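A short write-up of the structure that comes next.
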Amino acid sequence: MSGIRNQTQAAAPAHQVAISVRHVGTVLGGVRIHKDISLDVQAGEVLGIIGGSGSGKTTLLRLMLGLERPTEGEVLVLNHKLGNCEATDLAQVRHRWGVLFQQGALFSALSVFDNIAVPLRELKSLPKDLIAELVMQKLQQVGLKPEDGIKMPAELSGGMIKRVSLARALIMDPQLLFLDEPTAGLDPASSKRFVQLIESLKREMDLTVVMVTHDVDTLFALVDRIAVLSDQHLVAHGKLEQVVQMSHPFIRNFFLGHVQRCAEDNIRSFRDALHHQDDPLPADPALAHPQPA
Ligand SMILES: Nc1ncnc2c1ncn2[C@@H]1O[C@H](COP(=O)(O)OP(=O)(O)O)[C@@H](O)[C@H]1O
Ligand SMILES: [Mg+2]
C-alpha cells in the first residue's frame, strides 16, 4: 500500500467492526424512512445494500457519512459516534472514507487532475509536487492515462467519469469506501470492467466497502454480505447465499431466476473467472473512444 494513508492513519485491525448502526430510526421532512435498523460492517468486508426505490438505501449511506442525523439510535464509524464528534474530530474521521455518489458529481469547471486533487488541496499543507505525484498515481490506479488529467469532465465518457470520481474518492487513501449505485448508467461491458476495478482496488488498498446496488452481477462479484431494506425495516443481513433463500417477497422478486447462481460454489467460480481475465482495463472501449457527454 502506498500513498497518503501511511502518513496520516493507522490501518484498521482485521476482524473489527468498522461501522455499527444501532437501532436507528430516521424521519426526514415528517416522513418515516427507517425503523429500528441495526447492522454492522466488519473491517475489510464488502457490504451490499439492496432495497426497492425509495426504501432508504441512500439515506442509510448518508447516515453513515454523518450527512443525516438519525432520529433514534446511533451510528458509529471507526469507533466514533458520529453525532457526538467535535468538528475537528469529524474532519479526522472524514479523511478516512471516500464516497462515490450516484451522480458521479465532478466539478465541471475543473480538469480531471484538479477534480482529483480537491481533497488534497483542502489539507492546505501538501507541497505541489506531492499533490501531482499522488494524483498521477491514482489516475493510473483507476486505469486512466496521465494525459487524461488535462481533460475536462464534458470530454469524458460515462465510464471515465466514474473512474475519475473513484480516483477522487480514493485520493486520501481512505479505509472506507462508500458507493451508491456505482454501475448505474454504464453499459454492461463498462459496468463489468468498473466492478473488476473496484474489486482489485479493494484488495490492493485493503478497503472496507459499503455499496448500494440493484445489480445482481455486481453483488455476485463483490459482496461478502448484504443488507436488505423493505418497508422501513432491515429485513435481512447476512451472506448472499443465505439471504437468497429467504421467503420475503422483495428478496424473492429481486433474486428471481438467480437463486441457483447464488450457491457458494457458483459465486466462487464467477469471481475466479472475473479475477483471471487478463488486463481488463486497457480493453475498455469506453476509455479508448470517449464520447463527449
Ligand atoms: N431530506 C429529505 N427530506 C424528506 N424526504 C426525504 C429526504 N431524503 C430522502 N427522502 C425520502 O426518503 C425516501 C428514501 O430515500 P432514499 O434514501 O433516497 O431511497 P433509495 O436510495 O432507497 O431510493 C424517499 O421517499 C425520499 O423521497
Ligand atoms: Mg438511492
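Within each chain, counting starts at residue 1; across the C-alpha cells, chains are named A, B, ... in the order shown, with ligands numbered 1 upward in that order.
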Note to self: If the limit is 7 Å from any atom of ligand 2, counting only C-alpha atoms and all ligand atoms, which residues qualify? Return them as a VMD selection string.
What the structure shows: chain A and resid 53 to 54 56 to 58 180
Can you spit out the residues from that selection as a compact mmCIF listing (two decimals), in the first residue's frame, using C-alpha atoms?
```txt
# COMPACT_ATOMS: atom_id res chain seq x y z
CA SER A 53 -36.58 2.52 -4.98
CA GLY A 54 -37.24 4.94 -2.09
CA GLY A 56 -33.95 4.45 2.23
CA LYS A 57 -30.68 2.99 0.87
CA THR A 58 -29.07 6.34 0.04
CA ASP A 180 -24.07 4.47 -4.30
```
Notebook entry, point to check: So which residues are near ligand 1, meaning at most 10 Å away with only C-alpha atoms and all ligand atoms counted, given back as a VMD selection string?
Noted result: chain A and resid 26 to 34 49 to 63 68 102 180 to 181 212 to 214 229 to 230 232
Could you please take those selected residues and save C-alpha atoms as a PDB file, in the first residue's frame?
```pdb
ATOM      1  CA  THR A  26     -34.958   8.088  10.589  1.00  0.00           C
ATOM      2  CA  VAL A  27     -37.663  10.655   9.939  1.00  0.00           C
ATOM      3  CA  LEU A  28     -36.946  13.272   7.269  1.00  0.00           C
ATOM      4  CA  GLY A  29     -39.365  16.104   6.473  1.00  0.00           C
ATOM      5  CA  GLY A  30     -42.015  14.386   8.601  1.00  0.00           C
ATOM      6  CA  VAL A  31     -41.702  11.135   6.633  1.00  0.00           C
ATOM      7  CA  ARG A  32     -40.534   7.961   8.353  1.00  0.00           C
ATOM      8  CA  ILE A  33     -37.802   6.252   6.336  1.00  0.00           C
ATOM      9  CA  HIS A  34     -36.195   3.764   8.751  1.00  0.00           C
ATOM     10  CA  ILE A  49     -27.305  -2.695   0.494  1.00  0.00           C
ATOM     11  CA  ILE A  50     -30.356  -3.530  -1.579  1.00  0.00           C
ATOM     12  CA  GLY A  51     -33.988  -2.462  -1.439  1.00  0.00           C
ATOM     13  CA  GLY A  52     -36.694  -1.017  -3.650  1.00  0.00           C
ATOM     14  CA  SER A  53     -36.575   2.523  -4.981  1.00  0.00           C
ATOM     15  CA  GLY A  54     -37.240   4.939  -2.094  1.00  0.00           C
ATOM     16  CA  SER A  55     -36.581   2.268   0.559  1.00  0.00           C
ATOM     17  CA  GLY A  56     -33.947   4.454   2.229  1.00  0.00           C
ATOM     18  CA  LYS A  57     -30.682   2.994   0.872  1.00  0.00           C
ATOM     19  CA  THR A  58     -29.067   6.335   0.041  1.00  0.00           C
ATOM     20  CA  THR A  59     -30.325   7.777   3.330  1.00  0.00           C
ATOM     21  CA  LEU A  60     -28.658   4.893   5.164  1.00  0.00           C
ATOM     22  CA  LEU A  61     -25.350   5.735   3.449  1.00  0.00           C
ATOM     23  CA  ARG A  62     -25.838   9.408   4.344  1.00  0.00           C
ATOM     24  CA  LEU A  63     -26.333   8.422   7.990  1.00  0.00           C
ATOM     25  CA  GLU A  68     -28.009  12.989   8.094  1.00  0.00           C
ATOM     26  CA  GLN A 102     -24.759   8.037  -7.674  1.00  0.00           C
ATOM     27  CA  ASP A 180     -24.069   4.472  -4.301  1.00  0.00           C
ATOM     28  CA  GLU A 181     -25.167   2.551  -7.412  1.00  0.00           C
ATOM     29  CA  VAL A 212     -25.799   0.307  -2.674  1.00  0.00           C
ATOM     30  CA  THR A 213     -26.684  -1.539  -5.855  1.00  0.00           C
ATOM     31  CA  HIS A 214     -29.627  -3.058  -7.657  1.00  0.00           C
ATOM     32  CA  LEU A 229     -34.261  -2.727   3.302  1.00  0.00           C
ATOM     33  CA  SER A 230     -38.005  -3.006   2.898  1.00  0.00           C
ATOM     34  CA  GLN A 232     -38.679   0.926   6.689  1.00  0.00           C
TER      35      GLN A 232
END
```
Item checked: Using only C-alpha atoms: which of A:Lys162, A:Arg261, A:His95, A:Arg168 has the shortest distance to Thr183 of chain A ->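 Checking each candidate against Thr183 of chain A, we get A:Lys162 as the closest.
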Notebook entry, point to check: What is the atom CA of Lys81 of chain A-atom CA of Arg96 of chain A distance in Å, reported with one decimal?
Noted result: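 The value is 14.4 Å.
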Next item on the list: To one decimal in Å, tell me the separation between atom CA of Gly44 of chain A and atom CA of Leu207 of chain A.
Entry: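 Here the two named atoms are 5.7 Å from each other.
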Note to self: With only C-alpha atoms as the counted atoms, please give the residues lying no more than 7 Å from Val195 of chain A, apart from itself and same-chain residues fewer than 4 positions off, as a list in words.
What the structure shows: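 Neighbouring residues, sequence-local ones excluded: Ser191, Glu199 and Thr218 of chain A.
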For the residues selected in the previous step, produce a file with C-alpha atoms as a compact mmCIF listing (two decimals), in the first residue's frame.
```txt
# COMPACT_ATOMS: atom_id res chain seq x y z
CA SER A 191 -20.13 -1.94 -15.85
CA GLU A 199 -12.59 -5.41 -6.75
CA THR A 218 -22.30 -6.51 -9.07
```
Polymer residues at most 7 Å from segment 143-152 of chain A, only C-alpha atoms, same-chain spacing of 6 or more positions, as an mmCIF file with C-alpha atoms, in the first residue's frame:
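The file below, result04.cif, is the result:
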```cif
data_model
loop_
_atom_site.group_PDB
_atom_site.id
_atom_site.type_symbol
_atom_site.label_atom_id
_atom_site.label_comp_id
_atom_site.auth_asym_id
_atom_site.auth_seq_id
_atom_site.Cartn_x
_atom_site.Cartn_y
_atom_site.Cartn_z
ATOM 1 C CA LEU A 110 -12.191 21.799 -13.131
ATOM 2 C CA SER A 111 -9.935 19.480 -15.111
ATOM 3 C CA VAL A 112 -9.697 15.787 -14.249
ATOM 4 C CA PHE A 113 -6.422 16.495 -12.415
ATOM 5 C CA MET A 136 -0.896 10.709 -11.142
ATOM 6 C CA LEU A 281 -8.568 -2.004 -18.084
#
```
Segment 103-214 of chain A: which residues are helix (DSSP H, G or I) by DSSP, as a PDB file with N, CA and C atoms, in the first residue's frame?
```
ATOM      1  N   VAL A 112      -9.757  17.077 -14.939  1.00  0.00           N
ATOM      2  CA  VAL A 112      -9.697  15.787 -14.249  1.00  0.00           C
ATOM      3  C   VAL A 112      -8.674  15.855 -13.109  1.00  0.00           C
ATOM      4  N   PHE A 113      -7.480  16.382 -13.424  1.00  0.00           N
ATOM      5  CA  PHE A 113      -6.422  16.495 -12.415  1.00  0.00           C
ATOM      6  C   PHE A 113      -6.925  17.290 -11.207  1.00  0.00           C
ATOM      7  N   ASP A 114      -7.505  18.462 -11.487  1.00  0.00           N
ATOM      8  CA  ASP A 114      -7.924  19.335 -10.377  1.00  0.00           C
ATOM      9  C   ASP A 114      -9.081  18.731  -9.592  1.00  0.00           C
ATOM     10  N   ASN A 115      -9.981  18.009 -10.278  1.00  0.00           N
ATOM     11  CA  ASN A 115     -11.061  17.330  -9.556  1.00  0.00           C
ATOM     12  C   ASN A 115     -10.494  16.319  -8.560  1.00  0.00           C
ATOM     13  N   ILE A 116      -9.517  15.538  -9.015  1.00  0.00           N
ATOM     14  CA  ILE A 116      -8.964  14.501  -8.133  1.00  0.00           C
ATOM     15  C   ILE A 116      -8.172  15.139  -6.989  1.00  0.00           C
ATOM     16  N   ALA A 117      -7.571  16.314  -7.275  1.00  0.00           N
ATOM     17  CA  ALA A 117      -6.713  16.960  -6.265  1.00  0.00           C
ATOM     18  C   ALA A 117      -7.505  17.688  -5.176  1.00  0.00           C
ATOM     19  N   VAL A 118      -8.825  17.891  -5.385  1.00  0.00           N
ATOM     20  CA  VAL A 118      -9.607  18.717  -4.444  1.00  0.00           C
ATOM     21  C   VAL A 118      -9.392  18.327  -2.976  1.00  0.00           C
ATOM     22  N   PRO A 119      -9.572  17.042  -2.606  1.00  0.00           N
ATOM     23  CA  PRO A 119      -9.422  16.708  -1.181  1.00  0.00           C
ATOM     24  C   PRO A 119      -8.002  16.961  -0.657  1.00  0.00           C
ATOM     25  N   LEU A 120      -6.980  16.780  -1.518  1.00  0.00           N
ATOM     26  CA  LEU A 120      -5.599  17.012  -1.082  1.00  0.00           C
ATOM     27  C   LEU A 120      -5.359  18.499  -0.838  1.00  0.00           C
ATOM     28  N   ARG A 121      -5.928  19.329  -1.733  1.00  0.00           N
ATOM     29  CA  ARG A 121      -5.713  20.778  -1.592  1.00  0.00           C
ATOM     30  C   ARG A 121      -6.432  21.324  -0.365  1.00  0.00           C
ATOM     31  N   GLU A 122      -7.521  20.634   0.027  1.00  0.00           N
ATOM     32  CA  GLU A 122      -8.229  21.082   1.238  1.00  0.00           C
ATOM     33  C   GLU A 122      -7.339  20.962   2.474  1.00  0.00           C
ATOM     34  N   LYS A 128       3.145  21.063  -3.798  1.00  0.00           N
ATOM     35  CA  LYS A 128       2.596  20.831  -5.142  1.00  0.00           C
ATOM     36  C   LYS A 128       3.079  19.534  -5.774  1.00  0.00           C
ATOM     37  N   ASP A 129       4.372  19.244  -5.624  1.00  0.00           N
ATOM     38  CA  ASP A 129       4.921  18.037  -6.280  1.00  0.00           C
ATOM     39  C   ASP A 129       4.290  16.775  -5.707  1.00  0.00           C
ATOM     40  N   LEU A 130       4.038  16.788  -4.394  1.00  0.00           N
ATOM     41  CA  LEU A 130       3.444  15.601  -3.781  1.00  0.00           C
ATOM     42  C   LEU A 130       2.007  15.433  -4.287  1.00  0.00           C
ATOM     43  N   ILE A 131       1.291  16.561  -4.389  1.00  0.00           N
ATOM     44  CA  ILE A 131      -0.079  16.500  -4.913  1.00  0.00           C
ATOM     45  C   ILE A 131      -0.062  15.905  -6.323  1.00  0.00           C
ATOM     46  N   ALA A 132       0.861  16.412  -7.161  1.00  0.00           N
ATOM     47  CA  ALA A 132       0.930  15.919  -8.542  1.00  0.00           C
ATOM     48  C   ALA A 132       1.247  14.422  -8.566  1.00  0.00           C
ATOM     49  N   GLU A 133       2.155  14.020  -7.712  1.00  0.00           N
ATOM     50  CA  GLU A 133       2.552  12.612  -7.676  1.00  0.00           C
ATOM     51  C   GLU A 133       1.373  11.723  -7.253  1.00  0.00           C
ATOM     52  N   LEU A 134       0.660  12.164  -6.215  1.00  0.00           N
ATOM     53  CA  LEU A 134      -0.458  11.357  -5.713  1.00  0.00           C
ATOM     54  C   LEU A 134      -1.591  11.291  -6.732  1.00  0.00           C
ATOM     55  N   VAL A 135      -1.855  12.412  -7.417  1.00  0.00           N
ATOM     56  CA  VAL A 135      -2.936  12.426  -8.418  1.00  0.00           C
ATOM     57  C   VAL A 135      -2.582  11.496  -9.580  1.00  0.00           C
ATOM     58  N   MET A 136      -1.318  11.563 -10.023  1.00  0.00           N
ATOM     59  CA  MET A 136      -0.896  10.709 -11.142  1.00  0.00           C
ATOM     60  C   MET A 136      -0.973   9.219 -10.777  1.00  0.00           C
ATOM     61  N   GLN A 137      -0.595   8.950  -9.544  1.00  0.00           N
ATOM     62  CA  GLN A 137      -0.658   7.569  -9.054  1.00  0.00           C
ATOM     63  C   GLN A 137      -2.122   7.063  -9.076  1.00  0.00           C
ATOM     64  N   LYS A 138      -3.036   7.912  -8.643  1.00  0.00           N
ATOM     65  CA  LYS A 138      -4.442   7.500  -8.593  1.00  0.00           C
ATOM     66  C   LYS A 138      -5.026   7.359  -9.998  1.00  0.00           C
ATOM     67  N   LEU A 139      -4.649   8.276 -10.898  1.00  0.00           N
ATOM     68  CA  LEU A 139      -5.122   8.168 -12.292  1.00  0.00           C
ATOM     69  C   LEU A 139      -4.752   6.799 -12.843  1.00  0.00           C
ATOM     70  N   GLN A 140      -3.502   6.414 -12.599  1.00  0.00           N
ATOM     71  CA  GLN A 140      -3.027   5.129 -13.105  1.00  0.00           C
ATOM     72  C   GLN A 140      -3.769   3.973 -12.419  1.00  0.00           C
ATOM     73  N   GLN A 141      -3.991   4.122 -11.127  1.00  0.00           N
ATOM     74  CA  GLN A 141      -4.664   3.042 -10.369  1.00  0.00           C
ATOM     75  C   GLN A 141      -6.082   2.785 -10.874  1.00  0.00           C
ATOM     76  N   PRO A 146      -1.934   9.419 -17.843  1.00  0.00           N
ATOM     77  CA  PRO A 146      -1.537  10.733 -17.309  1.00  0.00           C
ATOM     78  C   PRO A 146      -2.146  11.878 -18.115  1.00  0.00           C
ATOM     79  N   GLU A 147      -2.218  11.687 -19.458  1.00  0.00           N
ATOM     80  CA  GLU A 147      -2.735  12.791 -20.294  1.00  0.00           C
ATOM     81  C   GLU A 147      -4.239  13.019 -20.103  1.00  0.00           C
ATOM     82  N   ASP A 148      -4.925  12.072 -19.490  1.00  0.00           N
ATOM     83  CA  ASP A 148      -6.346  12.295 -19.197  1.00  0.00           C
ATOM     84  C   ASP A 148      -6.525  13.392 -18.138  1.00  0.00           C
ATOM     85  N   GLY A 149      -5.449  13.674 -17.400  1.00  0.00           N
ATOM     86  CA  GLY A 149      -5.512  14.679 -16.336  1.00  0.00           C
ATOM     87  C   GLY A 149      -5.928  16.055 -16.813  1.00  0.00           C
ATOM     88  N   ILE A 150      -5.560  16.393 -18.058  1.00  0.00           N
ATOM     89  CA  ILE A 150      -5.874  17.749 -18.540  1.00  0.00           C
ATOM     90  C   ILE A 150      -7.272  17.843 -19.158  1.00  0.00           C
ATOM     91  N   PRO A 153     -14.393  17.496 -17.583  1.00  0.00           N
ATOM     92  CA  PRO A 153     -15.453  16.488 -17.426  1.00  0.00           C
ATOM     93  C   PRO A 153     -16.347  16.336 -18.661  1.00  0.00           C
ATOM     94  N   ALA A 154     -16.626  17.426 -19.384  1.00  0.00           N
ATOM     95  CA  ALA A 154     -17.521  17.340 -20.551  1.00  0.00           C
ATOM     96  C   ALA A 154     -16.934  16.480 -21.669  1.00  0.00           C
ATOM     97  N   GLU A 155     -15.607  16.264 -21.634  1.00  0.00           N
ATOM     98  CA  GLU A 155     -14.970  15.457 -22.689  1.00  0.00           C
ATOM     99  C   GLU A 155     -14.931  13.973 -22.348  1.00  0.00           C
ATOM    100  N   GLY A 158     -19.052   8.121 -19.882  1.00  0.00           N
ATOM    101  CA  GLY A 158     -19.638   7.767 -18.582  1.00  0.00           C
ATOM    102  C   GLY A 158     -18.687   6.932 -17.731  1.00  0.00           C
ATOM    103  N   GLY A 159     -17.998   5.972 -18.399  1.00  0.00           N
ATOM    104  CA  GLY A 159     -17.068   5.099 -17.685  1.00  0.00           C
ATOM    105  C   GLY A 159     -15.893   5.887 -17.107  1.00  0.00           C
ATOM    106  N   MET A 160     -15.430   6.884 -17.878  1.00  0.00           N
ATOM    107  CA  MET A 160     -14.299   7.689 -17.394  1.00  0.00           C
ATOM    108  C   MET A 160     -14.717   8.576 -16.231  1.00  0.00           C
ATOM    109  N   ILE A 161     -15.938   9.126 -16.297  1.00  0.00           N
ATOM    110  CA  ILE A 161     -16.420   9.978 -15.196  1.00  0.00           C
ATOM    111  C   ILE A 161     -16.432   9.170 -13.899  1.00  0.00           C
ATOM    112  N   LYS A 162     -16.907   7.919 -14.004  1.00  0.00           N
ATOM    113  CA  LYS A 162     -16.936   7.058 -12.813  1.00  0.00           C
ATOM    114  C   LYS A 162     -15.520   6.842 -12.288  1.00  0.00           C
ATOM    115  N   ARG A 163     -14.587   6.616 -13.211  1.00  0.00           N
ATOM    116  CA  ARG A 163     -13.210   6.346 -12.778  1.00  0.00           C
ATOM    117  C   ARG A 163     -12.568   7.565 -12.129  1.00  0.00           C
ATOM    118  N   VAL A 164     -12.827   8.741 -12.713  1.00  0.00           N
ATOM    119  CA  VAL A 164     -12.274   9.968 -12.119  1.00  0.00           C
ATOM    120  C   VAL A 164     -12.889  10.182 -10.732  1.00  0.00           C
ATOM    121  N   SER A 165     -14.207   9.949 -10.631  1.00  0.00           N
ATOM    122  CA  SER A 165     -14.875  10.117  -9.329  1.00  0.00           C
ATOM    123  C   SER A 165     -14.303   9.140  -8.311  1.00  0.00           C
ATOM    124  N   LEU A 166     -13.998   7.925  -8.788  1.00  0.00           N
ATOM    125  CA  LEU A 166     -13.425   6.916  -7.890  1.00  0.00           C
ATOM    126  C   LEU A 166     -12.013   7.339  -7.457  1.00  0.00           C
ATOM    127  N   ALA A 167     -11.248   7.874  -8.410  1.00  0.00           N
ATOM    128  CA  ALA A 167      -9.894   8.348  -8.072  1.00  0.00           C
ATOM    129  C   ALA A 167      -9.981   9.439  -7.003  1.00  0.00           C
ATOM    130  N   ARG A 168     -10.951  10.352  -7.158  1.00  0.00           N
ATOM    131  CA  ARG A 168     -11.096  11.414  -6.157  1.00  0.00           C
ATOM    132  C   ARG A 168     -11.521  10.829  -4.805  1.00  0.00           C
ATOM    133  N   ALA A 169     -12.425   9.847  -4.847  1.00  0.00           N
ATOM    134  CA  ALA A 169     -12.885   9.221  -3.594  1.00  0.00           C
ATOM    135  C   ALA A 169     -11.732   8.524  -2.865  1.00  0.00           C
ATOM    136  N   LEU A 170     -10.726   8.078  -3.638  1.00  0.00           N
ATOM    137  CA  LEU A 170      -9.642   7.287  -3.035  1.00  0.00           C
ATOM    138  C   LEU A 170      -8.350   8.078  -2.830  1.00  0.00           C
ATOM    139  N   PRO A 188     -23.329  -2.725 -20.150  1.00  0.00           N
ATOM    140  CA  PRO A 188     -22.893  -3.939 -19.442  1.00  0.00           C
ATOM    141  C   PRO A 188     -21.380  -4.166 -19.455  1.00  0.00           C
ATOM    142  N   ALA A 189     -20.715  -3.889 -20.581  1.00  0.00           N
ATOM    143  CA  ALA A 189     -19.268  -4.145 -20.633  1.00  0.00           C
ATOM    144  C   ALA A 189     -18.513  -3.173 -19.721  1.00  0.00           C
ATOM    145  N   SER A 190     -18.873  -1.889 -19.764  1.00  0.00           N
ATOM    146  CA  SER A 190     -18.187  -0.915 -18.899  1.00  0.00           C
ATOM    147  C   SER A 190     -18.484  -1.200 -17.442  1.00  0.00           C
ATOM    148  N   SER A 191     -19.716  -1.637 -17.195  1.00  0.00           N
ATOM    149  CA  SER A 191     -20.131  -1.944 -15.850  1.00  0.00           C
ATOM    150  C   SER A 191     -19.272  -3.079 -15.287  1.00  0.00           C
ATOM    151  N   LYS A 192     -19.073  -4.111 -16.096  1.00  0.00           N
ATOM    152  CA  LYS A 192     -18.276  -5.257 -15.662  1.00  0.00           C
ATOM    153  C   LYS A 192     -16.836  -4.830 -15.359  1.00  0.00           C
ATOM    154  N   ARG A 193     -16.296  -3.990 -16.234  1.00  0.00           N
ATOM    155  CA  ARG A 193     -14.907  -3.551 -16.024  1.00  0.00           C
ATOM    156  C   ARG A 193     -14.790  -2.659 -14.798  1.00  0.00           C
ATOM    157  N   PHE A 194     -15.825  -1.868 -14.554  1.00  0.00           N
ATOM    158  CA  PHE A 194     -15.780  -1.000 -13.376  1.00  0.00           C
ATOM    159  C   PHE A 194     -15.831  -1.847 -12.097  1.00  0.00           C
ATOM    160  N   VAL A 195     -16.634  -2.897 -12.132  1.00  0.00           N
ATOM    161  CA  VAL A 195     -16.722  -3.809 -10.990  1.00  0.00           C
ATOM    162  C   VAL A 195     -15.368  -4.497 -10.762  1.00  0.00           C
ATOM    163  N   GLN A 196     -14.714  -4.907 -11.856  1.00  0.00           N
ATOM    164  CA  GLN A 196     -13.372  -5.513 -11.743  1.00  0.00           C
ATOM    165  C   GLN A 196     -12.392  -4.535 -11.103  1.00  0.00           C
ATOM    166  N   LEU A 197     -12.502  -3.283 -11.526  1.00  0.00           N
ATOM    167  CA  LEU A 197     -11.611  -2.252 -10.980  1.00  0.00           C
ATOM    168  C   LEU A 197     -11.847  -2.082  -9.480  1.00  0.00           C
ATOM    169  N   ILE A 198     -13.114  -2.001  -9.078  1.00  0.00           N
ATOM    170  CA  ILE A 198     -13.432  -1.840  -7.655  1.00  0.00           C
ATOM    171  C   ILE A 198     -12.873  -3.023  -6.866  1.00  0.00           C
ATOM    172  N   GLU A 199     -13.054  -4.205  -7.444  1.00  0.00           N
ATOM    173  CA  GLU A 199     -12.587  -5.407  -6.751  1.00  0.00           C
ATOM    174  C   GLU A 199     -11.064  -5.382  -6.582  1.00  0.00           C
ATOM    175  N   SER A 200     -10.344  -4.975  -7.631  1.00  0.00           N
ATOM    176  CA  SER A 200      -8.886  -5.009  -7.491  1.00  0.00           C
ATOM    177  C   SER A 200      -8.407  -3.893  -6.555  1.00  0.00           C
ATOM    178  N   LEU A 201      -9.055  -2.741  -6.597  1.00  0.00           N
ATOM    179  CA  LEU A 201      -8.661  -1.662  -5.678  1.00  0.00           C
ATOM    180  C   LEU A 201      -8.965  -2.036  -4.234  1.00  0.00           C
ATOM    181  N   LYS A 202     -10.088  -2.726  -4.065  1.00  0.00           N
ATOM    182  CA  LYS A 202     -10.482  -3.166  -2.719  1.00  0.00           C
ATOM    183  C   LYS A 202      -9.370  -4.018  -2.108  1.00  0.00           C
ATOM    184  N   ARG A 203      -8.842  -4.942  -2.927  1.00  0.00           N
ATOM    185  CA  ARG A 203      -7.779  -5.825  -2.418  1.00  0.00           C
ATOM    186  C   ARG A 203      -6.469  -5.057  -2.226  1.00  0.00           C
ATOM    187  N   GLU A 204      -6.140  -4.258  -3.246  1.00  0.00           N
ATOM    188  CA  GLU A 204      -4.872  -3.526  -3.230  1.00  0.00           C
ATOM    189  C   GLU A 204      -4.807  -2.560  -2.037  1.00  0.00           C
ATOM    190  N   MET A 205      -5.937  -1.892  -1.762  1.00  0.00           N
ATOM    191  CA  MET A 205      -5.931  -0.840  -0.734  1.00  0.00           C
ATOM    192  C   MET A 205      -6.518  -1.319   0.593  1.00  0.00           C
TER     193      MET A 205
END
```
Checklist line | Pick from A:Gly98, A:Phe220, A:Asn79, A:Val24, whichever lies nearest to Arg268 of chain A using only C-alpha atoms | finding: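 Among the listed residues, the smallest separation from Arg268 of chain A belongs to A:Phe220.
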Check: Between atom CA of Val46 of chain A and atom CA of Gln92 of chain A, what is the distance, to one decimal in Å?
Finding: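 So the answer is 22.7 Å.
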Margin query: Between A:Asn253, A:Gln260, A:Thr208, A:Gln16, which residue has the minimum interatomic distance to Leu47 of chain A, considering only C-alpha atoms?
Written below: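 With only C-alpha atoms as the atom set, the closest residue is A:Thr208.
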Next item on the list: Please provide the set of residues having any atom within 10 Å of Phe255 of chain A, restricted to only C-alpha atoms, with same-chain residues fewer than 6 positions apart removed, written as number ranges by chain.
Entry: A: 216, 243-245, 261-262
Kindly export the residues of the current selection with C-alpha atoms, as a CSV table (one decimal), in the first residue's frame.
```
chain,number,residue,atom,x,y,z
A,216,VAL,CA,-27.2,-8.8,-9.2
A,243,VAL,CA,-30.3,-14.2,2.2
A,244,VAL,CA,-31.3,-15.5,-1.2
A,245,GLN,CA,-33.1,-18.5,0.4
A,261,ARG,CA,-26.3,-18.8,-9.1
A,262,CYS,CA,-26.1,-17.7,-5.5
```
Next item on the list: Determine which residues of segment 143-212 of chain A DSSP labels as strand (DSSP E) from the backbone of this structure, then write them out as a ChimeraX atom specification.
Entry: /A:176-180,208-212
Margin query: Nearest residue to Ala273 of chain A out of A:Met246, A:Ile171, A:Ala221, A:Val259, using only C-alpha atoms?
Written below: A:Ala221
